[in-house]
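**Student:** The structure is given below, and queries will be raised subsequently.
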Number of protein chains: 2
Amino acid sequence: MTGPVTLQDVADHAGVSRATASLVLRETGRVSKQTRQRVSEAMSTLGYVYNRGAASLRTQTANTIGVVVTHIASPFFGEVIHGLETGLTASGYLPLLVNTEDDPARQHDAIRKLREHQVAGLAVVPATGTSAALIDELRAWKMEHVLVSRYLKDVNAPYVGADDVVGGRLAATHLLETHGCETLAYLGGLPAILSRTDRTDGVREALLRHGFDASALTDMPGEVSGSGGLELGERLIASGPLPDGIICHSDSVAFGLYRALRIHGLGNDTRVIGYDNIGGAALWEPPLTSVATQGEALGRRAARMLLERIKEPGTPKSIDKTIPELAVRQSCGCP
Amino acid sequence: MTGPVTLQDVADHAGVSRATASLVLRETGRVSKQTRQRVSEAMSTLGYVYNRGAASLRTQTANTIGVVVTHIASPFFGEVIHGLETGLTASGYLPLLVNTEDDPARQHDAIRKLREHQVAGLAVVPATGTSAALIDELRAWKMEHVLVSRYLKDVNAPYVGADDVVGGRLAATHLLETHGCETLAYLGGLPAILSRTDRTDGVREALLRHGFDASALTDMPGEVSGSGGLELGERLIASGPLPDGIICHSDSVAFGLYRALRIHGLGNDTRVIGYDNIGGAALWEPPLTSVATQGEALGRRAARMLLERIKEPGTPKSIDKTIPELAVRQSCGCP
DNA sequence: GAAAGTTGATCAATCGATCTAGCAATAATG
DNA sequence: CATTATTGCTAGATCGATTGATCAACTTTC
């Protein structure tokens, strides 16, 4: 009597067997119109609620996906999470979200927990310092996964992100060609993040191509945040004459840099380019020119890739690097 | 042989019964040191993974919590989600995250889905236009819940948020007393959001107390976003002389307003106060004075309240409104 | 030395669905 | 009319854990 309404109750009420009720539920198999009707009625009059847990136990497949993120509240990852959620729920999956604070130990624990929850797959923004062993583990566990926005050294795992070399080159080229810059700086991002080295590689490549020495680049790693950008900006200003153009590892960093520049009265003379083109960058003063990585679309693609491999385990692993575009506004000096 | 390693396999390998292995697993009951040891070894050598789904089926209690949010990627809710995640995982729960885009229909579907997942409870930022019926349903379903950041008319549901009347009063009082403003505007936020009317009530209250008429307040509802703020700012500017002080429904709105002011060369003369005090507000130009609602702490408190009621179903429902404080910076005209 | 208590482990039922195999009735085929 | 398909439904095993009832062996107590 007490306890939740089960499929058995529905079946009894409709005068059929549990199995038949199940068939109706899943809209599969051969069931006559009348029975289908009766069972449906029974379901709604009894207030039946499908128990996905029980079904998962039997079918050995959950419809939850673990989403492991380094900075849950950052604007860029907010967009990525948004995209992931959209893509997953559209296919009937639900994201189990965990935050690692960019700490590999927490990431490790989080993934263990998600595994106990029988998630069907994992979308991971790997924490800085994650070793290749993580992917080996996931493979050994036969747990489908996709890396998002950051990849790992010497690891051939499914990946969705933007092409960082191109992104760096794009930003640098614009500053060099359109604005005649001769010296550049790259601000923010921890050195261990591969996408960072890719981007600086792209920048250097552009410099060389335009006849400059690699020493024309001031490379300042640092925290990826507004306050990080502020601090880096202060250091850059203190260290002598500013480079002609500054590329920031993220829009947040650029935001902090803006502040540093303003504090020192260096407002509108300096050419700044951000990265990720988060919503709102157009509203800044001056509006921020930024390399558009399209976080939300990226999240959606990650969801799609993951679900594809879950449905069709044979699907070959792919590396999906979108070619970023430069959202040109005024912070770079364009009118 | 194939398939996952089960507790049975562990038990066999350790030469004990399934039941004993379960006791070891849960570190409960009477098990001798030696057996405990043997079972633990068996677990690690076999690579056993706890199946929470199966356990939940038996115990009738999942350890997931549904988190239903209107704007998954907004900076403020990002902080709230961060706090929720922290609070939940600290107690061994995991959040199942869904986004409603502020649409009651999607919210309805989302909650049904979460129910099928047997979530132990629900933390909800109700979509604009959510009816009281939602809470009635949740009660009828005996599903623990807590409303976060927004509450509903005529509904006595557990709630965690900031005191909006106080927030509005705080902002208005500061503008009136410290800066001698005589006319105010409240920008952004849909009229149906109760926290909005509370805030404007607080503002009006402050106006009256200082001898002004309620007509001293220009009340402009609108979308809660940067572009919304930009549009509202444009309209406000077009509608005649600016009020002495402008209070925005969120920092994002204030951000858009900044842009509108800059476009019209009204930069630093206008006194602006934002709402929520999101991280980064200190970096704006000028640094934004904002009513601090502390999204992250709010999320943590919501998690705590919900889990308390789940563990101790008798716990009386409570309304937890923190008293916000004004984070005073320069946008209001303070030095 | 018999009764009572404690310790360590096991048995079997159970949670709520899915799914294979199979059964009865009806329809189609030669 | 006998045979074969097809349709509509059901019985019962199963997924991997938890749990109340039970039990054997060993201590303690009188």
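Each chain in the structure tokens gets a letter, A, B, ..., in the order shown, and its residues are numbered from 1; ligands are numbered from 1 in order too.
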Using only C-alpha atoms (C1' of nucleotides), what does the table of chain A residues within 6 Å of chain C look like, with each row giving the shortest atom pair and its distance in Å to one decimal, sorted by chain and ascending number, as CSV?
**Tutor:**
residue,atom,partner,partner_atom,distance
A:Ala54,CA,C:DA17,C1',4.9
A:Ala55,CA,C:DA17,C1',4.7
A:Arg58,CA,C:DT18,C1',5.8
**Student:** Export all heavy atoms of the chosen residues as a PDB file, in the first residue's frame?
**Tutor:**
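Saved file out_17.pdb follows:
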ATOM      1  N   ALA A  54      15.907   1.691 -11.400  1.00  0.00           N
ATOM      2  CA  ALA A  54      15.642   0.266 -11.546  1.00  0.00           C
ATOM      3  C   ALA A  54      15.901  -0.171 -12.985  1.00  0.00           C
ATOM      4  O   ALA A  54      16.496  -1.214 -13.234  1.00  0.00           O
ATOM      5  CB  ALA A  54      14.209  -0.034 -11.143  1.00  0.00           C
ATOM      6  N   ALA A  55      15.449   0.652 -13.915  1.00  0.00           N
ATOM      7  CA  ALA A  55      15.646   0.313 -15.324  1.00  0.00           C
ATOM      8  C   ALA A  55      17.132   0.244 -15.659  1.00  0.00           C
ATOM      9  O   ALA A  55      17.588  -0.675 -16.334  1.00  0.00           O
ATOM     10  CB  ALA A  55      14.952   1.345 -16.199  1.00  0.00           C
ATOM     11  N   ARG A  58      18.792  -2.897 -14.599  1.00  0.00           N
ATOM     12  CA  ARG A  58      18.531  -4.031 -15.472  1.00  0.00           C
ATOM     13  C   ARG A  58      19.258  -3.891 -16.822  1.00  0.00           C
ATOM     14  O   ARG A  58      19.884  -4.819 -17.307  1.00  0.00           O
ATOM     15  CB  ARG A  58      17.011  -4.145 -15.715  1.00  0.00           C
ATOM     16  CG  ARG A  58      16.595  -5.307 -16.586  1.00  0.00           C
ATOM     17  CD  ARG A  58      16.874  -6.615 -15.851  1.00  0.00           C
ATOM     18  NE  ARG A  58      17.734  -7.515 -16.624  1.00  0.00           N
ATOM     19  CZ  ARG A  58      17.284  -8.494 -17.397  1.00  0.00           C
ATOM     20  NH1 ARG A  58      15.996  -8.753 -17.459  1.00  0.00           N
ATOM     21  NH2 ARG A  58      18.095  -9.242 -18.074  1.00  0.00           N
TER      22      ARG A  58
END
**Student:** Might you pull out every residue within 6 Å of Glu79 (chain B), with only C-alpha atoms (C1' of nucleotides) counted and same-chain residues fewer than 4 positions away left off, and present them as a list in words?
**Tutor:**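 Counting only the stated atoms, we get Ala73 of chain A; Gly295 and Glu296 of chain B.
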**Student:** Could you superpose chain B on chain A by least squares over every Cα, matched in sequence order, and send it back as a tab-separated table (two decimals) with C-alpha atoms, in the first residue's frame?
**Tutor:**
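After the write, superposed.tsv holds the following:
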chain	number	residue	atom	x	y	z
B	1	MET	CA	-0.03	0.10	-0.08
B	2	THR	CA	2.58	2.55	1.05
B	3	GLY	CA	5.74	3.19	-0.95
B	4	PRO	CA	5.89	4.38	-4.52
B	5	VAL	CA	3.55	3.24	-7.27
B	6	THR	CA	5.29	0.52	-9.22
B	7	LEU	CA	4.78	-0.98	-12.60
B	8	GLN	CA	3.22	-3.94	-10.84
B	9	ASP	CA	0.55	-1.69	-9.35
B	10	VAL	CA	-0.17	-0.23	-12.75
B	11	ALA	CA	-0.39	-3.70	-14.28
B	12	ASP	CA	-2.74	-4.92	-11.57
B	13	HIS	CA	-4.96	-1.89	-11.96
B	14	ALA	CA	-5.13	-2.37	-15.72
B	15	GLY	CA	-5.57	-6.11	-15.43
B	16	VAL	CA	-2.46	-7.01	-17.36
B	17	SER	CA	0.95	-8.37	-16.51
B	18	ARG	CA	3.90	-6.34	-15.40
B	19	ALA	CA	5.63	-7.20	-18.67
B	20	THR	CA	2.84	-5.81	-20.78
B	21	ALA	CA	2.81	-2.61	-18.79
B	22	SER	CA	6.51	-2.30	-19.44
B	23	LEU	CA	5.90	-2.69	-23.16
B	24	VAL	CA	3.34	0.08	-23.09
B	25	LEU	CA	5.70	2.26	-21.14
B	26	ARG	CA	8.43	1.96	-23.68
B	27	GLU	CA	6.09	2.15	-26.66
B	28	THR	CA	7.63	-0.95	-28.11
B	29	GLY	CA	6.53	-4.44	-28.97
B	30	ARG	CA	3.05	-5.60	-29.87
B	31	VAL	CA	0.34	-4.24	-27.66
B	32	SER	CA	-3.27	-3.78	-28.74
B	33	LYS	CA	-4.73	-0.31	-28.77
B	34	GLN	CA	-7.21	-1.11	-26.01
B	35	THR	CA	-4.62	-2.50	-23.61
B	36	ARG	CA	-2.32	0.37	-24.31
B	37	GLN	CA	-5.16	2.72	-23.45
B	38	ARG	CA	-6.07	0.90	-20.24
B	39	VAL	CA	-2.49	0.82	-19.06
B	40	SER	CA	-1.94	4.49	-19.83
B	41	GLU	CA	-5.04	5.37	-17.86
B	42	ALA	CA	-3.92	3.26	-14.96
B	43	MET	CA	-0.55	5.02	-15.01
B	44	SER	CA	-2.05	8.46	-14.78
B	45	THR	CA	-4.76	7.65	-12.26
B	46	LEU	CA	-2.27	5.97	-9.98
B	47	GLY	CA	0.30	8.68	-10.51
B	48	TYR	CA	2.96	6.30	-11.68
B	49	VAL	CA	6.55	7.54	-11.83
B	50	TYR	CA	9.07	5.72	-13.93
B	51	ASN	CA	12.00	4.48	-11.90
B	52	ARG	CA	15.02	5.06	-14.06
B	53	GLY	CA	17.32	3.64	-11.44
B	54	ALA	CA	15.68	0.25	-11.54
B	55	ALA	CA	15.67	0.30	-15.31
B	56	SER	CA	19.33	1.24	-15.43
B	57	LEU	CA	20.17	-1.59	-13.11
B	58	ARG	CA	18.56	-4.04	-15.46
B	59	THR	CA	19.76	-2.60	-18.75
B	60	GLN	CA	23.21	-1.74	-17.47
B	61	THR	CA	23.04	1.72	-19.01
B	62	ALA	CA	22.35	4.92	-17.17
B	63	ASN	CA	21.35	8.06	-18.94
B	64	THR	CA	23.45	10.43	-16.96
B	65	ILE	CA	26.71	11.96	-18.08
B	66	GLY	CA	29.41	13.18	-15.75
B	67	VAL	CA	30.51	16.72	-16.43
B	68	VAL	CA	33.81	17.55	-14.79
B	69	VAL	CA	34.83	21.16	-14.87
B	70	THR	CA	37.72	23.13	-13.44
B	71	HIS	CA	36.01	26.46	-12.78
B	72	ILE	CA	32.30	26.06	-12.52
B	73	ALA	CA	31.60	29.75	-12.11
B	74	SER	CA	33.86	31.20	-14.76
B	75	PRO	CA	32.01	32.96	-17.55
B	76	PHE	CA	33.61	30.90	-20.30
B	77	PHE	CA	33.00	27.54	-18.68
B	78	GLY	CA	29.53	28.76	-17.84
B	79	GLU	CA	28.90	28.94	-21.55
B	80	VAL	CA	30.47	25.55	-22.12
B	81	ILE	CA	28.32	24.00	-19.41
B	82	HIS	CA	25.29	25.65	-20.92
B	83	GLY	CA	26.06	24.06	-24.27
B	84	LEU	CA	26.69	20.68	-22.71
B	85	GLU	CA	23.45	20.80	-20.78
B	86	THR	CA	21.54	21.72	-23.91
B	87	GLY	CA	23.08	18.94	-25.96
B	88	LEU	CA	22.65	16.30	-23.29
B	89	THR	CA	19.08	17.02	-22.28
B	90	ALA	CA	18.08	17.20	-25.94
B	91	SER	CA	19.02	13.53	-26.17
B	92	GLY	CA	17.41	12.51	-22.92
B	93	TYR	CA	20.58	12.58	-20.85
B	94	LEU	CA	21.17	14.58	-17.71
B	95	PRO	CA	24.50	16.03	-16.58
B	96	LEU	CA	25.93	15.21	-13.17
B	97	LEU	CA	28.08	18.25	-12.52
B	98	VAL	CA	31.24	18.37	-10.48
B	99	ASN	CA	33.77	21.08	-9.94
B	100	THR	CA	37.46	20.38	-9.47
B	101	GLU	CA	38.84	23.83	-8.73
B	102	ASP	CA	41.57	22.82	-11.17
B	103	ASP	CA	42.91	20.29	-8.68
B	104	PRO	CA	43.87	16.86	-10.09
B	105	ALA	CA	43.27	15.17	-6.75
B	106	ARG	CA	39.73	16.45	-6.53
B	107	GLN	CA	39.27	15.51	-10.14
B	108	HIS	CA	40.35	11.98	-9.36
B	109	ASP	CA	37.87	11.67	-6.53
B	110	ALA	CA	35.12	13.21	-8.60
B	111	ILE	CA	35.60	10.73	-11.39
B	112	ARG	CA	35.53	7.80	-8.99
B	113	LYS	CA	32.26	9.07	-7.61
B	114	LEU	CA	30.78	9.52	-11.03
B	115	ARG	CA	31.79	6.00	-11.87
B	116	GLU	CA	29.90	4.68	-8.87
B	117	HIS	CA	26.92	6.50	-10.26
B	118	GLN	CA	27.22	4.43	-13.42
B	119	VAL	CA	27.37	7.47	-15.67
B	120	ALA	CA	27.26	6.56	-19.33
B	121	GLY	CA	30.14	8.86	-20.13
B	122	LEU	CA	32.31	11.74	-19.07
B	123	ALA	CA	32.91	15.21	-20.44
B	124	VAL	CA	36.04	16.53	-18.81
B	125	VAL	CA	37.85	19.82	-18.74
B	126	PRO	CA	41.03	18.33	-17.34
B	127	ALA	CA	42.59	20.05	-14.36
B	128	THR	CA	46.03	21.56	-14.81
B	129	GLY	CA	48.56	18.85	-14.14
B	130	THR	CA	46.32	15.95	-15.12
B	131	SER	CA	48.50	13.08	-16.25
B	132	ALA	CA	47.97	10.85	-19.25
B	133	ALA	CA	47.23	8.09	-16.78
B	134	LEU	CA	43.73	9.48	-16.42
B	135	ILE	CA	42.89	8.57	-19.97
B	136	ASP	CA	44.48	5.16	-19.60
B	137	GLU	CA	42.25	4.56	-16.63
B	138	LEU	CA	39.15	5.68	-18.45
B	139	ARG	CA	40.03	3.40	-21.33
B	140	ALA	CA	40.65	0.46	-19.01
B	141	TRP	CA	37.31	1.14	-17.41
B	142	LYS	CA	35.70	1.30	-20.83
B	143	MET	CA	34.21	4.61	-19.85
B	144	GLU	CA	33.40	6.81	-22.81
B	145	HIS	CA	34.85	10.27	-22.51
B	146	VAL	CA	35.60	13.48	-24.28
B	147	LEU	CA	38.05	16.17	-23.29
B	148	VAL	CA	36.71	19.66	-23.58
B	149	SER	CA	38.61	22.85	-24.22
B	150	ARG	CA	41.88	21.48	-22.85
B	151	TYR	CA	43.79	18.44	-24.01
B	152	LEU	CA	46.63	16.37	-22.64
B	153	LYS	CA	50.18	15.75	-23.74
B	154	ASP	CA	50.85	12.53	-25.63
B	155	VAL	CA	47.33	11.35	-25.32
B	156	ASN	CA	45.07	10.47	-28.15
B	157	ALA	CA	41.66	11.04	-26.62
B	158	PRO	CA	38.45	12.36	-28.17
B	159	TYR	CA	38.63	16.10	-27.93
B	160	VAL	CA	36.48	19.10	-28.63
B	161	GLY	CA	38.00	22.55	-28.53
B	162	ALA	CA	39.24	25.40	-30.60
B	163	ASP	CA	42.46	25.39	-32.56
B	164	ASP	CA	44.73	27.34	-30.28
B	165	VAL	CA	47.65	27.74	-32.63
B	166	VAL	CA	45.32	29.37	-35.12
B	167	GLY	CA	43.80	31.48	-32.36
B	168	GLY	CA	47.15	32.81	-31.28
B	169	ARG	CA	48.21	33.44	-34.85
B	170	LEU	CA	44.95	35.18	-35.61
B	171	ALA	CA	45.28	37.61	-32.73
B	172	ALA	CA	48.96	38.28	-33.40
B	173	THR	CA	48.50	38.69	-37.14
B	174	HIS	CA	45.79	41.23	-36.62
B	175	LEU	CA	47.96	43.27	-34.30
B	176	LEU	CA	50.98	43.02	-36.58
B	177	GLU	CA	49.33	43.60	-39.94
B	178	THR	CA	46.42	45.86	-39.24
B	179	HIS	CA	47.93	47.85	-36.44
B	180	GLY	CA	51.63	47.71	-37.20
B	181	CYS	CA	52.61	46.40	-33.80
B	182	GLU	CA	56.23	45.40	-33.40
B	183	THR	CA	56.22	43.96	-29.91
B	184	LEU	CA	53.62	41.77	-28.28
B	185	ALA	CA	52.80	40.29	-24.89
B	186	TYR	CA	50.84	37.19	-23.96
B	187	LEU	CA	49.24	37.53	-20.53
B	188	GLY	CA	47.87	34.90	-18.20
B	189	GLY	CA	47.29	31.17	-18.21
B	190	LEU	CA	49.34	28.60	-16.37
B	191	PRO	CA	52.38	27.34	-18.32
B	192	ALA	CA	51.24	23.74	-17.91
B	193	ILE	CA	48.11	24.31	-19.97
B	194	LEU	CA	48.84	22.99	-23.45
B	195	SER	CA	46.36	25.30	-25.11
B	196	ARG	CA	48.47	28.11	-23.73
B	197	THR	CA	51.69	26.91	-25.35
B	198	ASP	CA	49.77	26.33	-28.56
B	199	ARG	CA	48.56	29.89	-28.54
B	200	THR	CA	51.97	31.36	-27.85
B	201	ASP	CA	53.33	29.11	-30.59
B	202	GLY	CA	50.80	30.67	-32.92
B	203	VAL	CA	51.84	34.11	-31.80
B	204	ARG	CA	55.54	33.38	-32.32
B	205	GLU	CA	54.85	31.90	-35.70
B	206	ALA	CA	53.11	35.09	-36.76
B	207	LEU	CA	55.95	37.19	-35.39
B	208	LEU	CA	58.57	35.23	-37.34
B	209	ARG	CA	56.53	35.36	-40.51
B	210	HIS	CA	56.51	39.13	-40.23
B	211	GLY	CA	60.23	39.32	-39.79
B	212	PHE	CA	60.38	39.72	-36.03
B	213	ASP	CA	62.46	37.88	-33.55
B	214	ALA	CA	60.82	35.63	-30.97
B	215	SER	CA	62.15	38.06	-28.40
B	216	ALA	CA	59.49	40.47	-29.58
B	217	LEU	CA	57.11	38.50	-27.40
B	218	THR	CA	56.83	39.10	-23.67
B	219	ASP	CA	55.42	35.92	-22.21
B	220	MET	CA	53.80	36.33	-18.80
B	221	PRO	CA	52.00	33.33	-17.39
B	222	GLY	CA	49.60	33.75	-14.50
B	223	GLU	CA	46.24	33.00	-13.06
B	224	VAL	CA	43.25	32.96	-15.39
B	225	SER	CA	40.95	35.44	-13.73
B	226	GLY	CA	40.14	39.10	-13.44
B	227	SER	CA	42.37	39.61	-10.44
B	228	GLY	CA	45.07	37.60	-12.16
B	229	GLY	CA	44.85	39.95	-15.11
B	230	LEU	CA	45.04	42.96	-12.83
B	231	GLU	CA	48.18	41.66	-11.18
B	232	LEU	CA	49.81	40.73	-14.47
B	233	GLY	CA	48.91	44.11	-15.86
B	234	GLU	CA	50.55	45.82	-12.90
B	235	ARG	CA	53.69	43.76	-13.37
B	236	LEU	CA	53.78	44.42	-17.07
B	237	ILE	CA	53.42	48.13	-16.55
B	238	ALA	CA	56.07	48.15	-13.85
B	239	SER	CA	58.52	46.24	-16.04
B	240	GLY	CA	59.07	49.10	-18.45
B	241	PRO	CA	57.52	50.40	-21.64
B	242	LEU	CA	54.42	48.50	-22.72
B	243	PRO	CA	54.49	46.28	-25.80
B	244	ASP	CA	52.50	47.56	-28.76
B	245	GLY	CA	49.88	44.88	-28.41
B	246	ILE	CA	48.74	42.59	-25.61
B	247	ILE	CA	47.00	39.26	-26.07
B	248	CYS	CA	45.27	37.86	-23.00
B	249	HIS	CA	44.68	34.22	-22.23
B	250	SER	CA	41.03	34.90	-21.49
B	251	ASP	CA	38.59	37.75	-21.53
B	252	SER	CA	38.65	37.78	-17.75
B	253	VAL	CA	42.38	38.40	-17.81
B	254	ALA	CA	41.82	41.18	-20.33
B	255	PHE	CA	39.26	42.63	-17.97
B	256	GLY	CA	41.77	42.77	-15.16
B	257	LEU	CA	44.32	44.25	-17.53
B	258	TYR	CA	41.86	47.01	-18.48
B	259	ARG	CA	41.67	47.91	-14.83
B	260	ALA	CA	45.45	48.02	-14.43
B	261	LEU	CA	45.77	50.22	-17.49
B	262	ARG	CA	43.10	52.60	-16.21
B	263	ILE	CA	44.70	52.84	-12.83
B	264	HIS	CA	47.90	53.98	-14.49
B	265	GLY	CA	46.17	56.31	-16.90
B	266	LEU	CA	47.12	54.18	-19.89
B	267	GLY	CA	43.52	53.82	-21.01
B	268	ASN	CA	42.92	53.89	-24.68
B	269	ASP	CA	46.41	53.84	-26.12
B	270	THR	CA	47.10	50.17	-25.57
B	271	ARG	CA	45.95	47.55	-28.01
B	272	VAL	CA	44.37	44.59	-26.21
B	273	ILE	CA	42.93	41.34	-27.52
B	274	GLY	CA	41.07	38.92	-25.30
B	275	TYR	CA	40.30	35.26	-25.69
B	276	ASP	CA	36.97	33.35	-25.80
B	277	ASN	CA	34.74	36.27	-26.69
B	278	ILE	CA	32.36	35.71	-23.82
B	279	GLY	CA	28.95	37.31	-24.01
B	280	GLY	CA	29.30	40.83	-22.71
B	281	ALA	CA	32.71	41.48	-24.24
B	282	ALA	CA	30.97	43.79	-26.68
B	283	LEU	CA	29.83	45.97	-23.80
B	284	TRP	CA	33.24	46.67	-22.34
B	285	GLU	CA	34.88	50.01	-22.55
B	286	PRO	CA	36.38	49.89	-25.06
B	287	PRO	CA	34.51	46.93	-26.58
B	288	LEU	CA	36.87	43.99	-26.47
B	289	THR	CA	38.38	42.45	-29.56
B	290	SER	CA	38.56	38.77	-28.79
B	291	VAL	CA	39.32	35.39	-30.30
B	292	ALA	CA	35.91	33.73	-30.48
B	293	THR	CA	36.03	30.14	-29.29
B	294	GLN	CA	32.27	29.91	-28.87
B	295	GLY	CA	31.95	28.15	-25.56
B	296	GLU	CA	28.32	27.22	-25.91
B	297	ALA	CA	28.68	25.66	-29.35
B	298	LEU	CA	31.73	23.86	-28.07
B	299	GLY	CA	29.73	22.35	-25.23
B	300	ARG	CA	27.04	21.23	-27.63
B	301	ARG	CA	29.57	19.61	-29.91
B	302	ALA	CA	31.19	17.84	-26.99
B	303	ALA	CA	27.81	16.45	-25.97
B	304	ARG	CA	27.14	15.28	-29.50
B	305	MET	CA	30.51	13.58	-29.87
B	306	LEU	CA	30.21	11.83	-26.54
B	307	LEU	CA	26.68	10.59	-27.13
B	308	GLU	CA	27.64	9.38	-30.58
B	309	ARG	CA	30.40	7.25	-29.17
B	310	ILE	CA	28.11	5.95	-26.46
B	311	LYS	CA	25.45	4.91	-28.91
B	312	GLU	CA	27.93	3.58	-31.46
B	313	PRO	CA	30.97	2.39	-29.49
B	314	GLY	CA	32.79	1.70	-32.73
B	315	THR	CA	32.80	5.33	-33.76
B	316	PRO	CA	36.40	6.34	-34.34
B	317	LYS	CA	37.91	8.80	-31.89
B	318	SER	CA	38.07	12.24	-33.33
B	319	ILE	CA	39.78	15.48	-32.53
B	320	ASP	CA	37.40	18.32	-33.21
B	321	LYS	CA	39.24	21.63	-33.29
B	322	THR	CA	37.17	24.48	-34.59
B	323	ILE	CA	38.93	27.28	-36.31
B	324	PRO	CA	38.36	30.34	-34.18
B	325	GLU	CA	37.56	33.71	-35.65
B	326	LEU	CA	38.53	37.11	-34.42
B	327	ALA	CA	35.64	39.18	-33.15
B	328	VAL	CA	37.04	42.58	-34.04
B	329	ARG	CA	35.93	45.48	-31.88
B	330	GLN	CA	37.73	48.54	-30.61
B	331	SER	CA	40.14	47.39	-27.91
B	332	CYS	CA	42.72	46.45	-30.54
B	333	GLY	CA	42.66	49.96	-31.92
B	334	CYS	CA	40.14	49.39	-34.71
B	335	PRO	CA	37.66	52.22	-35.15
**Student:** Could you list the residues in chain D lying within 12 Å of chain A, using only C-alpha atoms (C1' of nucleotides), and format the result as a ChimeraX atom specification?
**Tutor:** /D:6-17
**Student:** Residues of region 80-162 of chain B in helix (DSSP H, G or I) according to DSSP, as a ChimeraX atom specification?
**Tutor:** /B:80-90,104-116,133-140
